[in-house]
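Peer 1: I am sharing upload26.cif, which consists of mmCIF, C-alpha atoms:
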data_query
loop_
_atom_site.group_PDB
_atom_site.id
_atom_site.type_symbol
_atom_site.label_atom_id
_atom_site.label_comp_id
_atom_site.auth_asym_id
_atom_site.auth_seq_id
_atom_site.Cartn_x
_atom_site.Cartn_y
_atom_site.Cartn_z
ATOM 1 C CA MET A 1184 -28.405 -1.057 -20.149
ATOM 2 C CA MET A 1185 -26.062 1.438 -18.561
ATOM 3 C CA THR A 1186 -23.813 0.737 -15.578
ATOM 4 C CA ALA A 1187 -22.770 3.171 -12.875
ATOM 5 C CA CYS A 1188 -19.698 2.045 -10.945
ATOM 6 C CA ALA A 1189 -18.547 3.275 -7.596
ATOM 7 C CA SER A 1190 -15.076 2.049 -8.548
ATOM 8 C CA SER A 1191 -13.533 0.735 -11.762
ATOM 9 C CA CYS A 1192 -15.901 -1.527 -13.695
ATOM 10 C CA ASP A 1193 -13.185 -3.990 -14.658
ATOM 11 C CA GLN A 1194 -13.050 -5.287 -11.082
ATOM 12 C CA GLU A 1195 -14.681 -8.661 -10.604
ATOM 13 C CA ALA A 1196 -18.087 -8.185 -9.019
ATOM 14 C CA SER A 1197 -19.898 -10.704 -6.869
ATOM 15 C CA HIS A 1198 -22.563 -11.078 -9.609
ATOM 16 C CA VAL A 1199 -25.218 -10.961 -6.915
ATOM 17 C CA THR A 1200 -27.750 -8.244 -7.611
ATOM 18 C CA ALA A 1201 -30.958 -6.806 -6.226
ATOM 19 C CA ILE A 1202 -33.631 -4.806 -8.041
ATOM 20 C CA GLY A 1203 -33.839 -1.216 -6.828
ATOM 21 C CA GLU A 1204 -36.920 -0.155 -4.917
ATOM 22 C CA LEU A 1205 -37.928 2.216 -7.746
ATOM 23 C CA ASN A 1206 -37.596 -0.702 -10.175
ATOM 24 C CA ASN A 1207 -35.405 1.222 -12.633
ATOM 25 C CA GLY A 1208 -32.422 -1.128 -12.496
ATOM 26 C CA GLU A 1209 -30.260 -3.434 -10.362
ATOM 27 C CA PHE A 1210 -27.722 -2.802 -7.617
ATOM 28 C CA GLY A 1211 -24.693 -5.112 -7.600
ATOM 29 C CA PHE A 1212 -22.716 -5.817 -4.439
ATOM 30 C CA ARG A 1213 -18.903 -5.833 -4.552
ATOM 31 C CA CYS A 1214 -16.548 -7.069 -1.837
ATOM 32 C CA VAL A 1215 -13.545 -4.929 -0.966
ATOM 33 C CA GLY A 1216 -11.863 -7.253 1.551
ATOM 34 C CA GLU A 1217 -11.447 -10.948 2.335
ATOM 35 C CA THR A 1218 -13.134 -10.621 5.731
ATOM 36 C CA ASP A 1219 -16.474 -9.844 4.086
ATOM 37 C CA PRO A 1220 -18.705 -12.804 5.088
ATOM 38 C CA HIS A 1221 -20.747 -12.358 1.896
ATOM 39 C CA CYS A 1222 -17.842 -13.045 -0.452
ATOM 40 C CA ALA A 1223 -16.391 -15.700 1.843
ATOM 41 C CA ALA A 1224 -19.530 -17.764 1.272
ATOM 42 C CA THR A 1225 -19.190 -20.298 -1.532
ATOM 43 C CA ASP A 1226 -22.493 -22.171 -1.421
ATOM 44 C CA ALA A 1227 -25.134 -21.936 -4.092
ATOM 45 C CA SER A 1228 -27.506 -20.097 -1.753
ATOM 46 C CA GLN A 1229 -25.329 -16.984 -1.700
ATOM 47 C CA GLN A 1230 -27.625 -13.987 -1.935
ATOM 48 C CA PHE A 1231 -27.523 -10.228 -2.000
ATOM 49 C CA PRO A 1232 -26.675 -9.042 1.543
ATOM 50 C CA ASP A 1233 -29.709 -8.242 3.654
ATOM 51 C CA CYS A 1234 -27.637 -6.323 6.195
ATOM 52 C CA ILE A 1235 -24.246 -4.622 6.503
ATOM 53 C CA LEU A 1236 -21.949 -5.212 9.482
ATOM 54 C CA LEU A 1237 -21.138 -2.157 11.561
ATOM 55 C CA GLY A 1238 -17.669 -0.995 10.532
ATOM 56 C CA GLY A 1239 -17.837 -3.061 7.341
ATOM 57 C CA ARG A 1240 -16.590 -1.754 3.985
ATOM 58 C CA PHE A 1241 -18.330 -2.554 0.714
ATOM 59 C CA ASP A 1242 -18.903 -1.295 -2.818
ATOM 60 C CA LEU A 1243 -21.980 -1.069 -5.026
ATOM 61 C CA ASP A 1244 -22.556 -0.664 -8.725
ATOM 62 C CA TYR A 1245 -25.823 -0.081 -10.554
ATOM 63 C CA ASP A 1246 -27.251 -1.154 -13.925
ATOM 64 C CA LEU A 1247 -29.905 1.164 -15.301
ATOM 65 C CA ARG A 1248 -32.505 -0.620 -17.413
ATOM 66 C CA ASP A 1249 -33.832 2.340 -19.365
ATOM 67 C CA ASN A 1250 -32.363 5.795 -19.886
ATOM 68 C CA SER A 1251 -35.873 7.221 -19.899
ATOM 69 C CA ALA A 1252 -35.746 6.908 -16.125
ATOM 70 C CA LEU A 1253 -33.515 9.968 -16.254
ATOM 71 C CA PHE A 1254 -35.057 13.379 -16.666
ATOM 72 C CA ASP A 1255 -32.344 14.361 -19.122
ATOM 73 C CA SER A 1256 -30.397 11.820 -21.178
ATOM 74 C CA ASP A 1257 -27.323 14.025 -20.835
ATOM 75 C CA ASP A 1258 -27.341 13.183 -17.132
ATOM 76 C CA ALA A 1259 -26.570 9.551 -17.963
ATOM 77 C CA GLN A 1260 -22.856 10.259 -17.799
ATOM 78 C CA LEU A 1261 -23.286 11.537 -14.234
ATOM 79 C CA LEU A 1262 -25.014 8.436 -12.881
ATOM 80 C CA HIS A 1263 -23.349 7.169 -9.706
ATOM 81 C CA VAL A 1264 -24.058 5.362 -6.435
ATOM 82 C CA ALA A 1265 -23.904 7.338 -3.195
ATOM 83 C CA SER A 1266 -25.038 7.222 0.403
ATOM 84 C CA ALA A 1267 -28.353 8.872 1.217
ATOM 85 C CA SER A 1268 -26.973 9.906 4.621
ATOM 86 C CA GLU A 1269 -23.302 10.105 5.577
ATOM 87 C CA THR A 1270 -24.394 9.649 9.171
ATOM 88 C CA TYR A 1271 -24.900 5.955 8.382
ATOM 89 C CA PHE A 1272 -22.751 5.253 5.310
ATOM 90 C CA SER A 1273 -19.610 7.135 4.373
ATOM 91 C CA SER A 1274 -19.158 8.625 0.905
ATOM 92 C CA PRO A 1275 -17.696 8.249 -1.638
ATOM 93 C CA LEU A 1276 -17.683 4.519 -2.205
ATOM 94 C CA PRO A 1277 -16.286 2.109 -1.133
ATOM 95 C CA SER A 1278 -18.443 2.913 1.851
ATOM 96 C CA VAL A 1279 -18.148 2.151 5.570
ATOM 97 C CA ALA A 1280 -21.153 1.419 7.792
ATOM 98 C CA LEU A 1281 -20.841 4.001 10.563
ATOM 99 C CA ARG A 1282 -23.730 3.371 12.953
ATOM 100 C CA VAL A 1283 -26.458 0.853 13.691
ATOM 101 C CA GLY A 1284 -29.798 1.563 12.008
ATOM 102 C CA ARG A 1285 -31.535 1.450 8.654
ATOM 103 C CA ALA A 1286 -30.154 3.537 5.808
ATOM 104 C CA ALA A 1287 -30.329 3.897 2.056
ATOM 105 C CA MET A 1288 -27.941 3.887 -0.866
ATOM 106 C CA LEU A 1289 -28.943 5.840 -3.964
ATOM 107 C CA ALA A 1290 -28.358 5.522 -7.665
ATOM 108 C CA ARG A 1291 -28.494 9.126 -8.783
ATOM 109 C CA THR A 1292 -27.306 11.928 -10.983
ATOM 110 C CA ASP A 1293 -26.368 15.251 -9.475
ATOM 111 C CA ASP A 1294 -30.007 16.350 -9.547
ATOM 112 C CA ASN A 1295 -32.135 13.231 -9.674
ATOM 113 C CA VAL A 1296 -32.562 10.039 -7.659
ATOM 114 C CA VAL A 1297 -32.831 7.189 -10.179
ATOM 115 C CA ASP A 1298 -33.159 4.287 -7.730
ATOM 116 C CA ILE A 1299 -32.811 3.402 -4.067
ATOM 117 C CA ILE A 1300 -32.003 0.405 -1.852
ATOM 118 C CA HIS A 1301 -32.101 0.099 1.935
ATOM 119 C CA PHE A 1302 -29.825 -1.860 4.269
ATOM 120 C CA ASP A 1303 -30.015 -2.661 7.965
ATOM 121 C CA ILE A 1304 -26.705 -1.894 9.665
ATOM 122 C CA VAL A 1305 -26.131 -4.390 12.495
ATOM 123 C CA ALA A 1306 -23.351 -4.962 14.989
ATOM 124 C CA PRO A 1307 -21.322 -8.171 14.518
ATOM 125 C CA ASP A 1308 -21.754 -10.469 17.509
ATOM 126 C CA ARG A 1309 -19.303 -13.347 17.087
ATOM 127 C CA ILE A 1310 -15.739 -14.228 16.157
ATOM 128 C CA GLU A 1311 -15.045 -17.839 15.236
ATOM 129 C CA ILE A 1312 -11.551 -19.303 14.881
ATOM 130 C CA ARG A 1313 -10.844 -22.171 12.510
ATOM 131 C CA ASP A 1314 -7.669 -24.189 11.996
ATOM 132 C CA ALA A 1315 -6.579 -23.267 8.478
ATOM 133 C CA PHE A 1316 -5.343 -26.810 7.733
ATOM 134 C CA ASN A 1317 -8.120 -29.108 8.987
ATOM 135 C CA GLN A 1318 -10.924 -26.489 9.062
ATOM 136 C CA GLN A 1319 -11.881 -27.432 12.640
ATOM 137 C CA TRP A 1320 -13.132 -24.771 15.067
ATOM 138 C CA VAL A 1321 -10.646 -24.177 17.886
ATOM 139 C CA ASP A 1322 -10.700 -22.451 21.286
ATOM 140 C CA GLN A 1323 -6.939 -22.674 21.909
ATOM 141 C CA VAL A 1324 -3.867 -22.717 19.706
ATOM 142 C CA ALA A 1325 -0.885 -25.027 20.291
ATOM 143 C CA VAL A 1326 2.380 -24.528 18.429
ATOM 144 C CA ALA A 1327 6.013 -25.649 18.823
ATOM 145 C CA ALA A 1328 8.703 -23.114 19.663
ATOM 146 C CA ASP A 1329 10.196 -23.372 16.177
ATOM 147 C CA ASP A 1330 6.944 -23.675 14.205
ATOM 148 C CA VAL A 1331 4.003 -21.653 12.882
ATOM 149 C CA ALA A 1332 0.262 -22.282 13.324
ATOM 150 C CA VAL A 1333 -2.300 -20.717 10.989
ATOM 151 C CA VAL A 1334 -5.917 -19.986 11.923
ATOM 152 C CA SER A 1335 -8.709 -18.367 9.911
ATOM 153 C CA ILE A 1336 -10.980 -15.755 11.437
ATOM 154 C CA VAL A 1337 -14.682 -15.707 10.606
ATOM 155 C CA GLY A 1338 -17.075 -13.069 11.924
ATOM 156 C CA GLY A 1339 -20.774 -12.565 11.592
ATOM 157 C CA THR A 1340 -24.079 -11.801 13.243
ATOM 158 C CA ASN A 1341 -27.232 -13.618 14.193
ATOM 159 C CA ALA A 1342 -29.285 -10.536 13.287
ATOM 160 C CA CYS A 1343 -29.583 -11.419 9.589
ATOM 161 C CA LEU A 1344 -29.052 -14.366 7.274
ATOM 162 C CA ALA A 1345 -26.740 -12.780 4.697
ATOM 163 C CA PRO A 1346 -24.453 -10.136 6.227
ATOM 164 C CA GLY A 1347 -22.011 -8.133 4.132
ATOM 165 C CA GLY A 1348 -19.133 -5.758 4.735
ATOM 166 C CA ALA A 1349 -15.403 -6.361 5.207
ATOM 167 C CA LEU A 1350 -14.280 -5.749 8.782
ATOM 168 C CA PRO A 1351 -10.757 -4.642 9.764
ATOM 169 C CA LEU A 1352 -8.818 -7.493 11.395
ATOM 170 C CA ASP A 1353 -5.934 -7.060 13.844
ATOM 171 C CA VAL A 1354 -4.170 -9.351 16.323
ATOM 172 C CA TYR A 1355 -2.086 -8.597 19.395
ATOM 173 C CA SER A 1356 0.100 -10.923 21.465
ATOM 174 C CA SER A 1357 0.389 -10.382 25.209
ATOM 175 C CA ASN A 1358 4.008 -11.567 25.106
ATOM 176 C CA ASN A 1359 6.044 -11.155 21.926
ATOM 177 C CA LEU A 1360 8.863 -13.188 23.469
ATOM 178 C CA ILE A 1361 6.608 -16.259 23.580
ATOM 179 C CA ALA A 1362 4.567 -15.878 20.380
ATOM 180 C CA ILE A 1363 3.985 -13.303 17.666
ATOM 181 C CA ALA A 1364 1.213 -13.059 15.082
ATOM 182 C CA ASP A 1365 0.503 -11.337 11.783
ATOM 183 C CA VAL A 1366 -2.544 -11.082 9.506
ATOM 184 C CA THR A 1367 -2.931 -11.916 5.816
ATOM 185 C CA GLY A 1368 -6.513 -11.602 4.605
ATOM 186 C CA THR A 1369 -8.556 -13.717 7.024
ATOM 187 C CA ASP A 1370 -5.551 -15.834 8.095
ATOM 188 C CA VAL A 1371 -3.564 -15.252 11.281
ATOM 189 C CA ARG A 1372 -0.063 -16.770 11.355
ATOM 190 C CA ILE A 1373 1.119 -17.495 14.895
ATOM 191 C CA ALA A 1374 4.841 -18.117 15.336
ATOM 192 C CA GLY A 1375 6.048 -19.859 18.505
ATOM 193 C CA LEU A 1376 9.332 -18.434 19.783
ATOM 194 C CA GLN A 1377 9.961 -20.091 23.147
ATOM 195 C CA GLU A 1378 8.114 -22.355 25.570
ATOM 196 C CA GLY A 1379 5.326 -20.743 27.549
ATOM 197 C CA SER A 1380 1.893 -19.284 27.008
ATOM 198 C CA ALA A 1381 0.556 -15.989 25.739
ATOM 199 C CA THR A 1382 -2.842 -14.450 25.102
ATOM 200 C CA LEU A 1383 -3.706 -13.560 21.542
ATOM 201 C CA THR A 1384 -6.295 -10.771 21.266
ATOM 202 C CA ILE A 1385 -8.248 -10.814 18.007
ATOM 203 C CA ALA A 1386 -9.907 -7.539 17.018
ATOM 204 C CA LEU A 1387 -12.483 -7.884 14.235
ATOM 205 C CA GLY A 1388 -14.282 -4.606 13.707
ATOM 206 C CA THR A 1389 -15.871 -3.709 17.048
ATOM 207 C CA LEU A 1390 -15.461 -7.257 18.423
ATOM 208 C CA ARG A 1391 -12.671 -8.582 20.640
ATOM 209 C CA ARG A 1392 -11.805 -12.164 21.542
ATOM 210 C CA ASP A 1393 -8.902 -13.538 23.594
ATOM 211 C CA VAL A 1394 -7.354 -16.892 22.680
ATOM 212 C CA MET A 1395 -4.725 -18.802 24.642
ATOM 213 C CA VAL A 1396 -1.585 -19.738 22.698
ATOM 214 C CA VAL A 1397 0.489 -22.547 24.242
ATOM 215 C CA VAL A 1398 4.034 -22.862 22.909
ATOM 216 C CA GLY A 1399 5.603 -26.282 23.432
ATOM 217 C CA PRO A 1400 9.199 -27.504 23.042
ATOM 218 C CA ALA A 1401 10.901 -26.984 19.717
ATOM 219 C CA GLU A 1402 10.860 -30.106 17.569
ATOM 220 C CA SER A 1403 14.666 -30.075 17.476
ATOM 221 C CA ASP A 1404 14.760 -30.437 21.297
ATOM 222 C CA THR A 1405 12.776 -33.657 21.556
ATOM 223 C CA GLY A 1406 15.852 -36.003 21.679
ATOM 224 C CA SER A 1407 17.261 -37.731 24.804
ATOM 225 C CA ILE A 1408 18.725 -35.424 27.422
ATOM 226 C CA GLY A 1409 21.568 -37.893 28.010
ATOM 227 C CA GLY A 1410 22.774 -37.688 24.415
ATOM 228 C CA THR A 1411 24.600 -40.573 22.794
ATOM 229 C CA GLY A 1412 27.447 -40.789 25.286
ATOM 230 C CA GLY A 1413 25.636 -42.584 28.106
ATOM 231 C CA GLU A 1414 22.910 -42.545 30.725
ATOM 232 C CA THR A 1415 21.694 -39.578 32.771
ATOM 233 C CA SER A 1416 22.340 -41.403 36.025
ATOM 234 C CA ALA A 1417 24.302 -39.906 38.891
ATOM 235 C CA ALA A 1418 27.773 -38.856 37.898
ATOM 236 C CA GLY A 1419 30.648 -41.198 38.906
ATOM 237 C CA THR A 1420 30.923 -43.086 42.182
ATOM 238 C CA SER A 1421 34.418 -43.878 43.359
ATOM 239 C CA GLY A 1422 36.024 -47.227 44.084
ATOM 240 C CA SER A 1423 34.255 -49.263 41.416
ATOM 241 C CA ASP A 1424 36.026 -52.141 39.658
ATOM 242 C CA GLU A 1425 34.386 -51.274 36.304
ATOM 243 C CA GLY A 1426 34.245 -47.954 34.474
ATOM 244 C CA VAL A 1427 30.538 -46.976 34.058
ATOM 245 C CA THR A 1428 29.462 -44.639 31.236
ATOM 246 C CA SER A 1429 27.673 -41.704 32.863
ATOM 247 C CA GLY A 1430 26.513 -38.260 31.932
ATOM 248 C CA TYR A 1431 27.492 -37.053 28.459
ATOM 249 C CA GLY A 1432 31.068 -38.499 28.646
ATOM 250 C CA SER A 1433 32.280 -41.723 27.106
ATOM 251 C CA GLY A 1434 33.639 -43.150 30.411
ATOM 252 C CA ASP A 1435 36.622 -45.504 30.771
ATOM 253 C CA SER A 1436 38.797 -46.946 33.520
ATOM 254 C CA SER A 1437 41.398 -44.223 33.215
ATOM 255 C CA GLY A 1438 39.258 -41.831 35.252
ATOM 256 C CA ASP A 1439 40.188 -38.694 33.389
ATOM 257 C CA SER A 1440 38.033 -35.529 33.377
ATOM 258 C CA SER A 1441 36.244 -36.372 30.085
ATOM 259 C CA GLY A 1442 33.489 -38.256 31.936
ATOM 260 C CA GLY A 1443 32.668 -41.681 33.360
ATOM 261 C CA THR A 1444 33.445 -43.335 36.653
ATOM 262 C CA THR A 1445 36.927 -44.183 37.783
ATOM 263 C CA GLY A 1446 37.771 -47.863 37.977
ATOM 264 C CA ALA A 1447 40.091 -49.455 40.429
ATOM 265 C CA GLY A 1448 43.161 -47.975 38.811
ATOM 266 C CA GLY A 1449 41.751 -44.485 38.296
ATOM 267 C CA THR A 1450 42.631 -41.304 40.048
ATOM 268 C CA SER A 1451 40.343 -39.642 42.544
ATOM 269 C CA THR A 1452 39.734 -36.704 40.151
ATOM 270 C CA GLY A 1453 37.897 -38.798 37.573
ATOM 271 C CA GLY A 1454 36.159 -41.120 39.987
ATOM 272 C CA THR A 1455 34.578 -38.658 42.380
ATOM 273 C CA THR A 1456 33.612 -35.952 39.937
ATOM 274 C CA GLY A 1457 32.177 -38.218 37.265
ATOM 275 C CA GLY A 1458 33.496 -36.113 34.392
ATOM 276 C CA SER A 1459 32.510 -32.696 35.688
ATOM 277 C CA SER A 1460 34.249 -30.574 33.057
ATOM 278 C CA THR A 1461 32.967 -32.085 29.810
ATOM 279 C CA GLY A 1462 30.913 -35.191 30.299
ATOM 280 C CA GLY A 1463 28.602 -35.293 33.342
ATOM 281 C CA MET A 1464 25.842 -32.856 34.287
#
Take the structure from the file and write it as structure tokens.
Peer 2:
Amino acid sequence: MMTACASSCDQEASHVTAIGELNNGEFGFRCVGETDPHCAATDASQQFPDCILLGGRFDLDYDLRDNSALFDSDDAQLLHVASASETYFSSPLPSVALRVGRAAMLARTDDNVVDIIHFDIVAPDRIEIRDAFNQQWVDQVAVAADDVAVVSIVGGTNACLAPGGALPLDVYSSNNLIAIADVTGTDVRIAGLQEGSATLTIALGTLRRDVMVVVGPAESDTGSIGGTGGETSAAGTSGSDEGVTSGYGSGDSSGDSSGGTTGAGGTSTGGTTGGSSTGGM
């Protein structure tokens, strides 16, 4: 058996193959990106793709069963996989699906077609967003102002059961002061910067989807507004017999400007202002 590789043969293939339509050997499908729904599938029913997503990138290799399929055995060294029409699939491989339709990939030498396989090229029709930690589908992302949320992007089509082809994935934030995002494989990391909301636009191949990102308070800001010095009640009322702790100050009967309400012996500065310089709000 002889193998023709579109790229280096030491790369790990998907090990999913399909017999060529001329029955001279087998085509093997190779993923070239993590967004390929074929290689993202992990169940036992994984099968050779029966369609390629528009804009998707993929690679093929070919195993020839019998060299007699070639007109000249010297041509064996020239065996390669190529697109039958660059209108539909780009060449050389890895290939990109360029337009919707039905097109062929060929196992060939320079002069002879050894085998052939056809694919339907279909437009992707959905983007699904999944929380990377609990694997739940989400329609909105919530994140704290000092934290990061991670979602996974999954695309596909209802036009066929086993789509293939890695789609380019990009994300854009409507307000980089509120939230920013970056892509690693199929994961989108969303960093909250300050409280507010922003729209995250996900671009997967020819698809677009907008997702609301709500940025809440930073976890470090969840303590009491009044602090440890006292209550957040109104700052200092004059003429009281007892010094009341108020605002952020410690409060005593001396009525100084560090906070608290002036007692009977205090001065009018501390009592009426309630610690305006350091303690009260």
Peer 1: So which one's closest to Phe1241 in chain A, A:His1263, A:Arg1213, A:Arg1372, A:His1221? Using all atoms listed in the file, please.
Peer 2: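 Smallest distance to Phe1241 in chain A is found for A:Arg1213.
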Peer 1: Mind telling me what the PyMOL selection byres ((chain A and resi 1314-1316) around 8) catches here, as a ChimeraX atom specification?
Peer 2: /A:1312-1313,1317-1321,1333-1335,1370
Peer 1: I'd like to see the residues matched by the PyMOL selection byres ((chain A and resi 1217) around 12) on this file, and ideally I'd get them as a list in words.
Peer 2: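 Taken over the shown coordinates, the PyMOL selection byres ((chain A and resi 1217) around 12) returns Arg1213, Cys1214, Val1215, Gly1216, Thr1218, Asp1219, Pro1220, His1221, Cys1222, Ala1223, Ala1224, Gly1239, Arg1240, Phe1241, Ser1335, Ile1336, Val1337, Gly1338, Gly1347, Gly1348, Ala1349, Leu1350, Pro1351, Leu1352, Val1366, Thr1367, Gly1368, Thr1369 and Asp1370 of chain A.
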Peer 1: So, with all atoms listed in the file as the atoms that count, which of A:Val1283, A:Asp1244, A:Cys1343, A:Ile1202 lies closest to Pro1232 in chain A?
Peer 2: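 So, comparing all the options, the nearest one is A:Cys1343.
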Peer 1: Choose the residue, out of A:Asp1322, A:Arg1309, A:Leu1376, A:Val1296, that has the smallest atom-to-atom separation from Thr1340 in chain A; count all atoms listed in the file.
Peer 2: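 The answer is A:Arg1309, which sits nearest to Thr1340 in chain A.
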Peer 1: Contacts of Leu1243 in chain A at 7 Å or less, counting all atoms listed in the file, minus same-chain residues fewer than 3 places along, as a PDB file with C-alpha atoms, in the coordinates of the input?
Peer 2:
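Result file follows (result.pdb):
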ATOM      1  CA  ALA A1189     -18.547   3.275  -7.596  1.00  0.00           C
ATOM      2  CA  PHE A1210     -27.722  -2.802  -7.617  1.00  0.00           C
ATOM      3  CA  GLY A1211     -24.693  -5.112  -7.600  1.00  0.00           C
ATOM      4  CA  PHE A1212     -22.716  -5.817  -4.439  1.00  0.00           C
ATOM      5  CA  ARG A1213     -18.903  -5.833  -4.552  1.00  0.00           C
ATOM      6  CA  VAL A1264     -24.058   5.362  -6.435  1.00  0.00           C
TER       7      VAL A1264
END
Peer 1: Which residues fall under the PyMOL selection byres ((chain A and resi 1206) around 10) in this file, as a PyMOL selection string?
Peer 2: chain A and resi 1201-1205+1207-1209+1247-1248+1252+1297-1299
Peer 1: Could you check which of A:Gln1230, A:Asn1359, A:Ser1273, A:Asn1250 is closest to Glu1378 in chain A, using only C-alpha atoms?
Peer 2: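 Of A:Gln1230, A:Asn1359, A:Ser1273, A:Asn1250, the one nearest Glu1378 in chain A, counting only C-alpha atoms, is A:Asn1359.
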Peer 1: Kindly indicate which residue among A:Ser1274, A:Ser1403, A:Asn1341, A:Thr1382 lies nearest to Tyr1355 in chain A, using only C-alpha atoms for the distances.
Peer 2: A:Thr1382
Peer 1: At what distance in Å, to one decimal, does CA of Ala1401 in chain A lie from CA of Gln1377 in chain A?
Peer 2: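 Between CA of Gln1377 in chain A and CA of Ala1401 in chain A the gap is 7.8 Å.
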Peer 1: So how many Å separate CA of Ala1386 in chain A and CA of Ser1278 in chain A, to one decimal?
Peer 2: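 About the pair CA of Ala1386 in chain A and CA of Ser1278 in chain A: they are 20.3 Å apart.
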Peer 1: Could you please determine the separation between CA of Leu1262 in chain A and CA of Leu1276 in chain A in Å, to one decimal place?
Peer 2: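 Interatomic distance here is 13.5 Å.
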Peer 1: Using only C-alpha atoms for the distances, tell me which of A:Leu1281, A:Ile1361, A:Ile1304, A:Leu1387 is nearest to Ala1345 in chain A.
Peer 2: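 Closest to Ala1345 in chain A, using only C-alpha atoms: A:Ile1304.
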